[in-house]
>>> print(open('entry-v3.cif').read())   # mmCIF, C-alpha atoms and all ligand atoms
data_coords
#
loop_
_atom_site.label_atom_id
_atom_site.label_comp_id
_atom_site.auth_asym_id
_atom_site.auth_seq_id
_atom_site.Cartn_x
_atom_site.Cartn_y
_atom_site.Cartn_z
CA MET A 1 -138.12 122.38 112.90
CA LEU A 2 -140.45 119.39 112.71
CA ILE A 3 -137.87 117.25 110.89
CA GLY A 4 -135.15 118.28 113.35
CA ALA A 5 -137.37 117.57 116.35
CA ALA A 6 -138.37 114.17 114.92
CA LEU A 7 -134.70 113.22 114.40
CA ILE A 8 -133.67 114.26 117.92
CA TRP A 9 -136.68 112.49 119.41
CA THR A 10 -135.77 109.28 117.53
CA VAL A 11 -132.16 109.42 118.76
CA VAL A 12 -133.19 110.05 122.41
CA VAL A 13 -135.80 107.28 122.37
CA GLY A 14 -133.21 105.05 120.62
CA PHE A 15 -130.80 105.60 123.54
CA ALA A 16 -133.56 104.79 126.04
CA VAL A 17 -134.38 101.55 124.22
CA TYR A 18 -130.67 100.71 123.93
CA VAL A 19 -129.92 101.07 127.66
CA THR A 20 -133.11 99.40 128.87
CA CYS A 21 -133.64 96.55 126.40
CA ILE A 22 -130.53 95.98 124.25
CA LYS A 23 -127.65 96.55 126.70
CA PRO A 24 -129.09 97.06 130.19
CA GLY A 25 -125.80 96.48 132.07
CA ALA A 26 -123.47 99.13 133.56
CA HIS A 27 -121.56 101.41 131.16
CA SER A 28 -118.02 102.73 131.69
CA GLU A 29 -117.64 106.14 133.29
CA THR A 30 -115.75 107.55 130.26
CA THR A 31 -118.58 106.61 127.88
CA ALA A 32 -121.13 108.20 130.21
CA SER A 33 -119.15 111.47 130.54
CA ARG A 34 -118.55 111.63 126.81
CA LEU A 35 -122.23 111.15 126.15
CA ILE A 36 -123.13 113.92 128.59
CA ILE A 37 -120.53 116.37 127.20
CA TRP A 38 -121.32 115.74 123.52
CA GLY A 39 -125.01 114.89 123.68
CA GLY A 40 -126.03 117.04 126.64
CA VAL A 41 -123.84 120.15 126.23
CA ALA A 42 -122.21 120.49 122.82
CA PHE A 43 -125.13 119.27 120.71
CA PRO A 44 -127.87 121.53 122.19
CA VAL A 45 -125.54 124.56 122.18
CA ILE A 46 -124.71 124.07 118.50
CA VAL A 47 -128.31 123.36 117.45
CA LEU A 48 -129.77 126.28 119.41
CA ALA A 49 -127.07 128.67 118.13
CA ILE A 50 -127.88 127.71 114.53
CA LEU A 51 -131.62 128.16 115.14
CA LEU A 52 -131.03 131.54 116.80
CA ALA A 53 -128.89 132.76 113.89
CA TYR A 54 -131.53 131.55 111.41
CA GLY A 55 -134.32 133.24 113.40
CA LEU A 56 -132.42 136.54 113.53
CA THR A 57 -131.94 136.56 109.77
CA LEU A 58 -135.73 136.16 109.34
CA MET A 59 -136.59 139.12 111.55
CA PRO A 60 -135.97 142.08 109.19
CA GLY A 61 -138.31 140.47 106.63
CA LEU A 62 -141.10 140.22 109.19
CA ARG A 63 -140.97 143.96 109.79
CA GLU A 64 -140.86 145.04 106.17
CA ALA A 65 -143.95 147.05 105.32
CA GLY A 66 -143.75 146.91 101.54
CA GLU A 67 -145.35 149.57 99.36
CA GLY A 68 -148.71 149.54 101.04
CA LEU A 69 -150.71 151.60 103.37
CA ARG A 70 -149.35 153.38 106.43
CA ILE A 71 -151.50 154.33 109.39
CA ALA A 72 -150.29 156.66 112.13
CA VAL A 73 -152.03 156.02 115.44
CA SER A 74 -151.73 158.33 118.40
CA GLY A 75 -152.87 157.37 121.89
CA GLU A 76 -154.91 160.20 123.40
CA LEU A 77 -156.70 160.49 126.75
CA TRP A 78 -158.62 158.04 126.34
CA TRP A 79 -159.19 157.49 122.67
CA TRP A 80 -157.24 156.84 119.48
CA ARG A 81 -156.37 159.28 116.72
CA MET A 82 -155.88 157.52 113.36
CA ARG A 83 -154.33 159.02 110.23
CA TYR A 84 -154.29 157.02 107.01
CA PHE A 85 -151.48 157.62 104.53
CA PRO A 86 -152.39 155.85 101.29
CA PRO A 87 -149.28 155.22 99.11
CA ASP A 88 -150.04 157.80 96.40
CA THR A 89 -150.93 160.82 98.50
CA GLU A 90 -149.25 163.10 101.00
CA ASN A 91 -152.43 164.28 102.70
CA PRO A 92 -153.44 162.02 105.55
CA ILE A 93 -157.08 161.09 106.09
CA GLU A 94 -157.98 161.54 109.73
CA SER A 95 -160.33 159.30 111.67
CA ALA A 96 -160.65 158.00 115.22
CA ASN A 97 -161.30 154.93 117.34
CA GLU A 98 -161.69 152.46 114.50
CA ILE A 99 -159.17 150.95 112.11
CA ARG A 100 -160.14 149.51 108.76
CA LEU A 101 -157.67 147.23 107.05
CA PRO A 102 -157.63 145.43 103.70
CA VAL A 103 -157.32 141.66 104.03
CA GLY A 104 -154.08 140.06 102.83
CA GLN A 105 -152.10 143.29 102.72
CA ARG A 106 -149.21 144.34 104.91
CA VAL A 107 -149.85 147.54 106.77
CA GLU A 108 -147.35 149.62 108.66
CA ILE A 109 -148.79 151.18 111.80
CA THR A 110 -146.70 153.87 113.47
CA LEU A 111 -147.50 154.40 117.13
CA THR A 112 -146.94 157.39 119.32
CA SER A 113 -148.54 159.36 122.14
CA PRO A 114 -148.52 163.03 123.11
CA GLU A 115 -148.80 162.68 126.92
CA VAL A 116 -148.61 159.31 128.64
CA ILE A 117 -147.65 155.77 127.76
CA HIS A 118 -150.35 153.59 126.20
CA SER A 119 -150.07 150.17 124.65
CA PHE A 120 -151.66 149.32 121.33
CA TRP A 121 -153.03 145.81 121.28
CA ILE A 122 -155.20 143.85 118.84
CA PRO A 123 -154.95 140.39 120.42
CA ASN A 124 -156.19 138.53 117.33
CA LEU A 125 -153.82 140.25 114.91
CA ALA A 126 -150.54 141.19 116.60
CA GLY A 127 -148.65 141.57 119.85
CA LYS A 128 -148.74 144.60 122.13
CA VAL A 129 -146.62 147.60 121.18
CA ASP A 130 -146.15 150.51 123.55
CA MET A 131 -146.99 154.07 122.53
CA ILE A 132 -144.36 156.24 124.17
CA PRO A 133 -144.26 160.05 124.17
CA GLY A 134 -141.36 161.36 122.09
CA ARG A 135 -140.83 158.08 120.29
CA THR A 136 -142.37 156.37 117.28
CA ASN A 137 -142.76 152.60 117.41
CA VAL A 138 -143.62 150.62 114.33
CA LEU A 139 -145.92 147.63 114.05
CA VAL A 140 -146.28 145.74 110.79
CA LEU A 141 -149.19 143.38 110.44
CA GLU A 142 -151.07 141.52 107.76
CA PRO A 143 -154.62 140.40 108.51
CA THR A 144 -155.47 137.13 106.79
CA LYS A 145 -159.19 136.90 107.55
CA THR A 146 -162.00 139.42 107.19
CA GLY A 147 -164.01 140.26 110.28
CA VAL A 148 -164.30 142.60 113.21
CA TYR A 149 -161.67 142.45 115.93
CA ARG A 150 -161.34 144.27 119.21
CA GLY A 151 -158.38 146.41 120.12
CA GLN A 152 -157.58 147.60 123.61
CA CYS A 153 -155.13 149.82 125.41
CA ALA A 154 -152.94 147.44 127.40
CA GLU A 155 -150.92 149.82 129.57
CA PHE A 156 -152.43 151.64 132.55
CA CYS A 157 -152.75 155.25 131.36
CA GLY A 158 -155.11 156.92 133.85
CA ALA A 159 -158.66 156.90 135.13
CA SER A 160 -160.35 155.65 131.96
CA HIS A 161 -157.63 153.26 130.76
CA ALA A 162 -160.04 150.31 130.76
CA LEU A 163 -162.44 152.33 128.61
CA MET A 164 -159.89 152.90 125.86
CA ALA A 165 -160.82 150.36 123.22
CA PHE A 166 -161.29 150.39 119.45
CA SER A 167 -162.59 148.17 116.71
CA VAL A 168 -160.61 146.79 113.81
CA VAL A 169 -162.62 146.00 110.70
CA VAL A 170 -160.85 143.84 108.13
CA VAL A 171 -162.54 143.94 104.73
CA GLU A 172 -161.84 142.93 101.13
CA ARG A 173 -159.47 145.15 99.16
CA ASP A 174 -162.17 146.77 96.94
CA GLU A 175 -164.40 147.48 99.88
CA PHE A 176 -161.48 149.06 101.67
CA ASP A 177 -160.59 151.31 98.72
CA ASP A 178 -164.23 152.52 98.49
CA TRP A 179 -164.31 153.16 102.21
CA LEU A 180 -161.04 155.11 102.20
CA GLU A 181 -162.19 157.22 99.28
CA LYS A 182 -165.38 158.08 101.19
CA GLN A 183 -163.40 158.88 104.32
CA ALA A 184 -161.36 161.40 102.36
CA ARG A 185 -164.50 163.33 101.42
CA PRO A 186 -166.00 166.09 103.57
CA ALA A 187 -169.01 165.32 105.74
CA LEU A 188 -172.43 164.77 104.18
CA ARG A 189 -174.55 167.91 104.11
CA PRO A 190 -177.74 167.32 106.05
CA ARG A 191 -180.95 167.59 103.99
CA ALA A 192 -183.65 166.97 106.57
CA PRO A 193 -184.60 170.07 108.60
CA GLU A 194 -184.05 168.35 111.97
CA LEU A 195 -180.55 167.28 110.94
CA LYS A 196 -179.79 170.81 109.73
CA ALA A 197 -180.96 172.08 113.11
CA GLY A 198 -178.65 169.54 114.76
CA ARG A 199 -175.69 170.75 112.73
CA ASP A 200 -176.43 174.40 113.56
CA LEU A 201 -176.65 173.53 117.26
CA PHE A 202 -173.41 171.53 117.03
CA LEU A 203 -171.66 174.62 115.64
CA ALA A 204 -173.41 177.14 117.91
CA THR A 205 -172.68 175.18 121.10
CA GLY A 206 -168.95 175.31 120.42
CA CYS A 207 -168.36 171.60 119.68
CA GLY A 208 -166.18 172.74 116.78
CA ALA A 209 -163.57 174.12 119.18
CA CYS A 210 -162.44 170.56 119.89
CA HIS A 211 -163.87 168.49 117.04
CA THR A 212 -163.44 168.62 113.29
CA VAL A 213 -166.27 167.96 110.87
CA ARG A 214 -164.69 168.51 107.46
CA GLY A 215 -166.93 170.59 105.24
CA THR A 216 -168.17 172.73 108.14
CA ARG A 217 -166.35 175.39 110.13
CA ALA A 218 -165.79 172.91 112.98
CA ALA A 219 -162.01 172.42 112.86
CA GLY A 220 -160.92 171.61 116.42
CA ILE A 221 -158.11 169.11 116.87
CA ILE A 222 -158.33 168.32 120.59
CA GLY A 223 -161.00 165.65 120.29
CA PRO A 224 -161.76 162.95 117.73
CA ASP A 225 -162.47 163.90 114.11
CA LEU A 226 -166.24 163.45 113.68
CA THR A 227 -166.47 163.87 109.89
CA HIS A 228 -167.74 160.30 109.41
CA VAL A 229 -168.44 159.36 113.02
CA GLY A 230 -171.86 157.88 112.15
CA GLY A 231 -170.17 155.23 110.01
CA ARG A 232 -168.16 153.75 112.88
CA LEU A 233 -169.25 150.69 114.85
CA THR A 234 -168.98 152.32 118.26
CA ILE A 235 -168.60 155.74 119.85
CA GLY A 236 -166.56 156.87 122.84
CA ALA A 237 -163.64 154.60 121.81
CA GLY A 238 -165.36 151.22 121.84
CA ILE A 239 -167.72 152.07 124.71
CA LEU A 240 -171.22 152.62 123.28
CA PRO A 241 -172.97 151.25 120.19
CA ASN A 242 -173.33 153.76 117.36
CA GLU A 243 -176.94 154.89 117.86
CA ILE A 244 -178.66 158.25 118.29
CA ASP A 245 -179.43 157.40 121.93
CA SER A 246 -175.76 156.65 122.60
CA PHE A 247 -174.70 160.03 121.21
CA ALA A 248 -177.32 161.76 123.37
CA HIS A 249 -176.20 159.78 126.43
CA TRP A 250 -172.55 160.59 125.70
CA ILE A 251 -173.16 164.33 125.23
CA ALA A 252 -175.22 164.61 128.42
CA GLU A 253 -173.11 162.39 130.70
CA THR A 254 -169.63 162.34 129.25
CA GLN A 255 -167.88 162.46 132.62
CA GLN A 256 -169.99 159.64 134.07
CA ILE A 257 -169.39 157.44 131.03
CA LYS A 258 -165.65 158.15 130.77
CA PRO A 259 -164.35 159.79 133.94
CA GLY A 260 -161.56 162.34 133.50
CA VAL A 261 -161.85 162.73 129.73
CA HIS A 262 -161.16 166.26 128.37
CA MET A 263 -164.75 166.71 127.16
CA PRO A 264 -167.10 168.11 129.80
CA SER A 265 -170.64 166.76 130.18
CA PHE A 266 -173.17 168.92 128.32
CA GLY A 267 -176.16 167.81 130.39
CA MET A 268 -177.13 171.45 130.92
CA LEU A 269 -178.33 171.68 127.32
CA PRO A 270 -182.06 171.20 126.78
CA LYS A 271 -182.96 167.55 126.00
CA GLY A 272 -184.33 168.49 122.59
CA GLU A 273 -181.08 170.14 121.56
CA ILE A 274 -178.99 167.18 122.69
CA LYS A 275 -181.25 164.88 120.69
CA ALA A 276 -180.87 167.08 117.58
CA ILE A 277 -177.05 167.13 117.85
CA ALA A 278 -177.07 163.37 118.46
CA ALA A 279 -179.20 162.76 115.37
CA TYR A 280 -176.91 164.96 113.25
CA LEU A 281 -173.77 163.14 114.42
CA GLU A 282 -175.32 159.73 113.84
CA SER A 283 -176.19 160.82 110.27
CA LEU A 284 -172.52 161.50 109.43
CA LYS A 285 -171.93 158.18 107.69
CU1 LIG B 301 -154.36 154.13 127.12
CU2 LIG B 301 -154.40 152.52 128.86
#
>>> encode(input="entry-v3.cif", output="structure tokens")
Amino acid sequence: MLIGAALIWTVVVGFAVYVTCIKPGAHSETTASRLIIWGGVAFPVIVLAILLAYGLTLMPGLREAGEGLRIAVSGELWWWRMRYFPPDTENPIESANEIRLPVGQRVEITLTSPEVIHSFWIPNLAGKVDMIPGRTNVLVLEPTKTGVYRGQCAEFCGASHALMAFSVVVVERDEFDDWLEKQARPALRPRAPELKAGRDLFLATGCGACHTVRGTRAAGIIGPDLTHVGGRLTIGAGILPNEIDSFAHWIAETQQIKPGVHMPSFGMLPKGEIKAIAAYLESLK
């Protein structure tokens, strides 16, 4: 492209120099029309057609996922369900609201939604791709630098659309493999008595009807999987920092923090119980 552009630029500037300095007089009408037809119509049409054909042949290669990892992302109201499919296993590893990716590896992300249209967007890594009910769109990307990036829903999807974010953490390959292996395991069993109390309250209050914590009897699928929720950067889909206080705030005032979300506020629980559940969730690294 650069060589082609340089050549065309030289020719155009050459013409300008020719008609202003070398032969500034009037030119015949036939020469002028010929120049316009060949230089102004035929030449750009041919060059652009060749470039278009070349560009189209490159496109399938850009979408090829290779042998690597596949991640299925589903846009929920208003959070993200993530399922990792490593190449050598059939059982997906479920997570939510945070994507981890190995640097320098192509990843295929399949995108869908059960209810309304969302748009999956990680501005620093790839373009927007819509998540449309009844359809699976595919995004292939390859992060080239480690770091933390922000993702955001980019299609108005209801009251809390603007609060539907996620983080993308790009790490080295080894670190990613360790992380994925840990994600596949069931939740840590709490040792400390206050964390055990938190777990018992979590189960007794009915949180398990909507949330899964693998390794306990909480197996709900309506809300985000919380098996390793304490290891994520944020909670509430990119809204609050991952701290005990944030969990407590979220449990007590869910509807104020994210209006319209399926989870009701649990502010009627005693403060001490909320704190215990919050501490248990934060401990699930
Ligand atoms: Cu989901 Cu906007």
>>> atom_distance(input="entry-v3.cif", atom1="atom CA of Thr212 of chain A", atom2="atom CA of Asp174 of chain A")
27.3 Å
>>> residues_near_point(input="entry-v3.cif", point="(-163.5, 154.6, 117.1)", cutoff="6 Å", atoms="only C-alpha atoms", output="PyMOL selection string")
chain A and resi 96-98+166+235+237
>>> residues_around(input="entry-v3.cif", residues="Glu194 of chain A", least_positions_apart="3", cutoff="10 Å", atoms="only C-alpha atoms", output="list in words")
Pro190, Arg191, Ala197, Gly198, Arg199, Asp200, Lys275, Ala276, Ile277, Ala279 and Tyr280 of chain A
>>> closest_residue(input="entry-v3.cif", among="A:Ile222, A:Leu281, A:Ile50, A:Met268", to="Trp80 of chain A", atoms="all atoms listed in the file")
A:Ile222
>>> residues_near_ligand(input="entry-v3.cif", ligand="ligand LIG 301 (chain B)", cutoff="6 Å", atoms="all atoms listed in the file", output="PyMOL selection string")
chain A and resi 78+118+153-157+161+164
>>> residues_near_point(input="entry-v3.cif", point="(-170.5, 165.1, 124.7)", cutoff="9 Å", atoms="all atoms listed in the file", output="PyMOL selection string")
chain A and resi 207+247-255+263-267+274
>>> axis_aligned_box(input="entry-v3.cif", around="segment 110-113 of chain A", padding_each_side="6 Å", output="JSON")
{"center_x": -147.6, "center_y": 156.6, "center_z": 117.8, "size_x": 13.8, "size_y": 17.5, "size_z": 20.7}
>>> closest_residue(input="entry-v3.cif", among="A:Pro241, A:His262, A:Thr112, A:Lys285", to="Cys210 of chain A", atoms="only C-alpha atoms")
A:His262
>>> closest_residue(input="entry-v3.cif", among="A:Pro24, A:Gly158, A:Pro87, A:Gly238", to="Pro259 of chain A", atoms="all atoms listed in the file")
A:Gly158
>>> atom_distance(input="entry-v3.cif", atom1="atom CA of Ala5 of chain A", atom2="atom CA of His27 of chain A")
27.0 Å
>>> residues_around(input="entry-v3.cif", residues="Arg70 of chain A", least_positions_apart="3", cutoff="8 Å", atoms="only C-alpha atoms", output="JSON, numbers by chain")
{"A": [84, 85, 86, 87, 107, 108, 109, 110]}
>>> closest_residue(input="entry-v3.cif", among="A:Gly104, A:Gly40, A:Pro92, A:Gly127", to="Gly68 of chain A", atoms="only C-alpha atoms")
A:Gly104
>>> atom_distance(input="entry-v3.cif", atom1="atom CA of Trp79 of chain A", atom2="atom CA of Ser95 of chain A")
11.2 Å
>>> closest_residue(input="entry-v3.cif", among="A:Ala204, A:Leu226, A:Met131, A:Ile239", to="Ala162 of chain A", atoms="all atoms listed in the file")
A:Ile239
>>> residues_around(input="entry-v3.cif", residues="Val169 of chain A", least_positions_apart="3", cutoff="6 Å", atoms="only C-alpha atoms", output="tab-separated table (two decimals) with C-alpha atoms, keeping the file's coordinate frame")
chain	number	residue	atom	x	y	z
A	100	ARG	CA	-160.14	149.51	108.76
A	147	GLY	CA	-164.01	140.26	110.28
A	148	VAL	CA	-164.30	142.60	113.21
>>> residues_around(input="entry-v3.cif", residues="Ser113 of chain A", least_positions_apart="2", cutoff="8 Å", atoms="all atoms listed in the file", output="VMD selection string")
chain A and resid 74 to 76 111 115 to 118 131 to 134
>>> write_last_selection(input="entry-v3.cif", atoms="C-alpha atoms", output="short mmCIF file (atom, residue, chain, number, x, y, z; two decimals), keeping the file's coordinate frame")
data_model
loop_
_atom_site.label_atom_id
_atom_site.label_comp_id
_atom_site.auth_asym_id
_atom_site.auth_seq_id
_atom_site.Cartn_x
_atom_site.Cartn_y
_atom_site.Cartn_z
CA SER A 74 -151.73 158.33 118.40
CA GLY A 75 -152.87 157.37 121.89
CA GLU A 76 -154.91 160.20 123.40
CA LEU A 111 -147.50 154.40 117.13
CA GLU A 115 -148.80 162.68 126.92
CA VAL A 116 -148.61 159.31 128.64
CA ILE A 117 -147.65 155.77 127.76
CA HIS A 118 -150.35 153.59 126.20
CA MET A 131 -146.99 154.07 122.53
CA ILE A 132 -144.36 156.24 124.17
CA PRO A 133 -144.26 160.05 124.17
CA GLY A 134 -141.36 161.36 122.09
#
>>> closest_residue(input="entry-v3.cif", among="A:Leu62, A:Leu284, A:Leu77, A:Leu180", to="Pro114 of chain A", atoms="all atoms listed in the file")
A:Leu77
>>> decode(input="entry-v3.cif", residues="segment 81-106 of chain A", atoms="C-alpha atoms", output="CSV table (one decimal), in the first residue's frame")
chain,number,residue,atom,x,y,z
A,81,ARG,CA,-22.0,-15.3,31.5
A,82,MET,CA,-18.7,-16.7,30.4
A,83,ARG,CA,-18.0,-20.4,29.6
A,84,TYR,CA,-14.4,-21.5,28.8
A,85,PHE,CA,-13.9,-24.4,26.5
A,86,PRO,CA,-10.2,-25.4,26.6
A,87,PRO,CA,-9.2,-27.5,23.5
A,88,ASP,CA,-8.8,-30.8,25.3
A,89,THR,CA,-12.1,-31.0,27.3
A,90,GLU,CA,-15.8,-31.1,26.6
A,91,ASN,CA,-16.8,-29.7,30.0
A,92,PRO,CA,-17.0,-25.9,30.0
A,93,ILE,CA,-15.7,-23.9,33.0
A,94,GLU,CA,-18.3,-21.3,33.9
A,95,SER,CA,-17.4,-17.8,35.2
A,96,ALA,CA,-18.9,-14.3,34.9
A,97,ASN,CA,-18.1,-10.7,34.2
A,98,GLU,CA,-14.4,-11.1,33.6
A,99,ILE,CA,-12.5,-12.6,30.8
A,100,ARG,CA,-8.9,-13.8,31.1
A,101,LEU,CA,-7.0,-14.3,27.9
A,102,PRO,CA,-3.5,-15.6,27.2
A,103,VAL,CA,-1.3,-13.1,25.4
A,104,GLY,CA,-0.3,-13.9,21.8
A,105,GLN,CA,-2.9,-16.6,21.3
A,106,ARG,CA,-6.0,-16.5,19.0
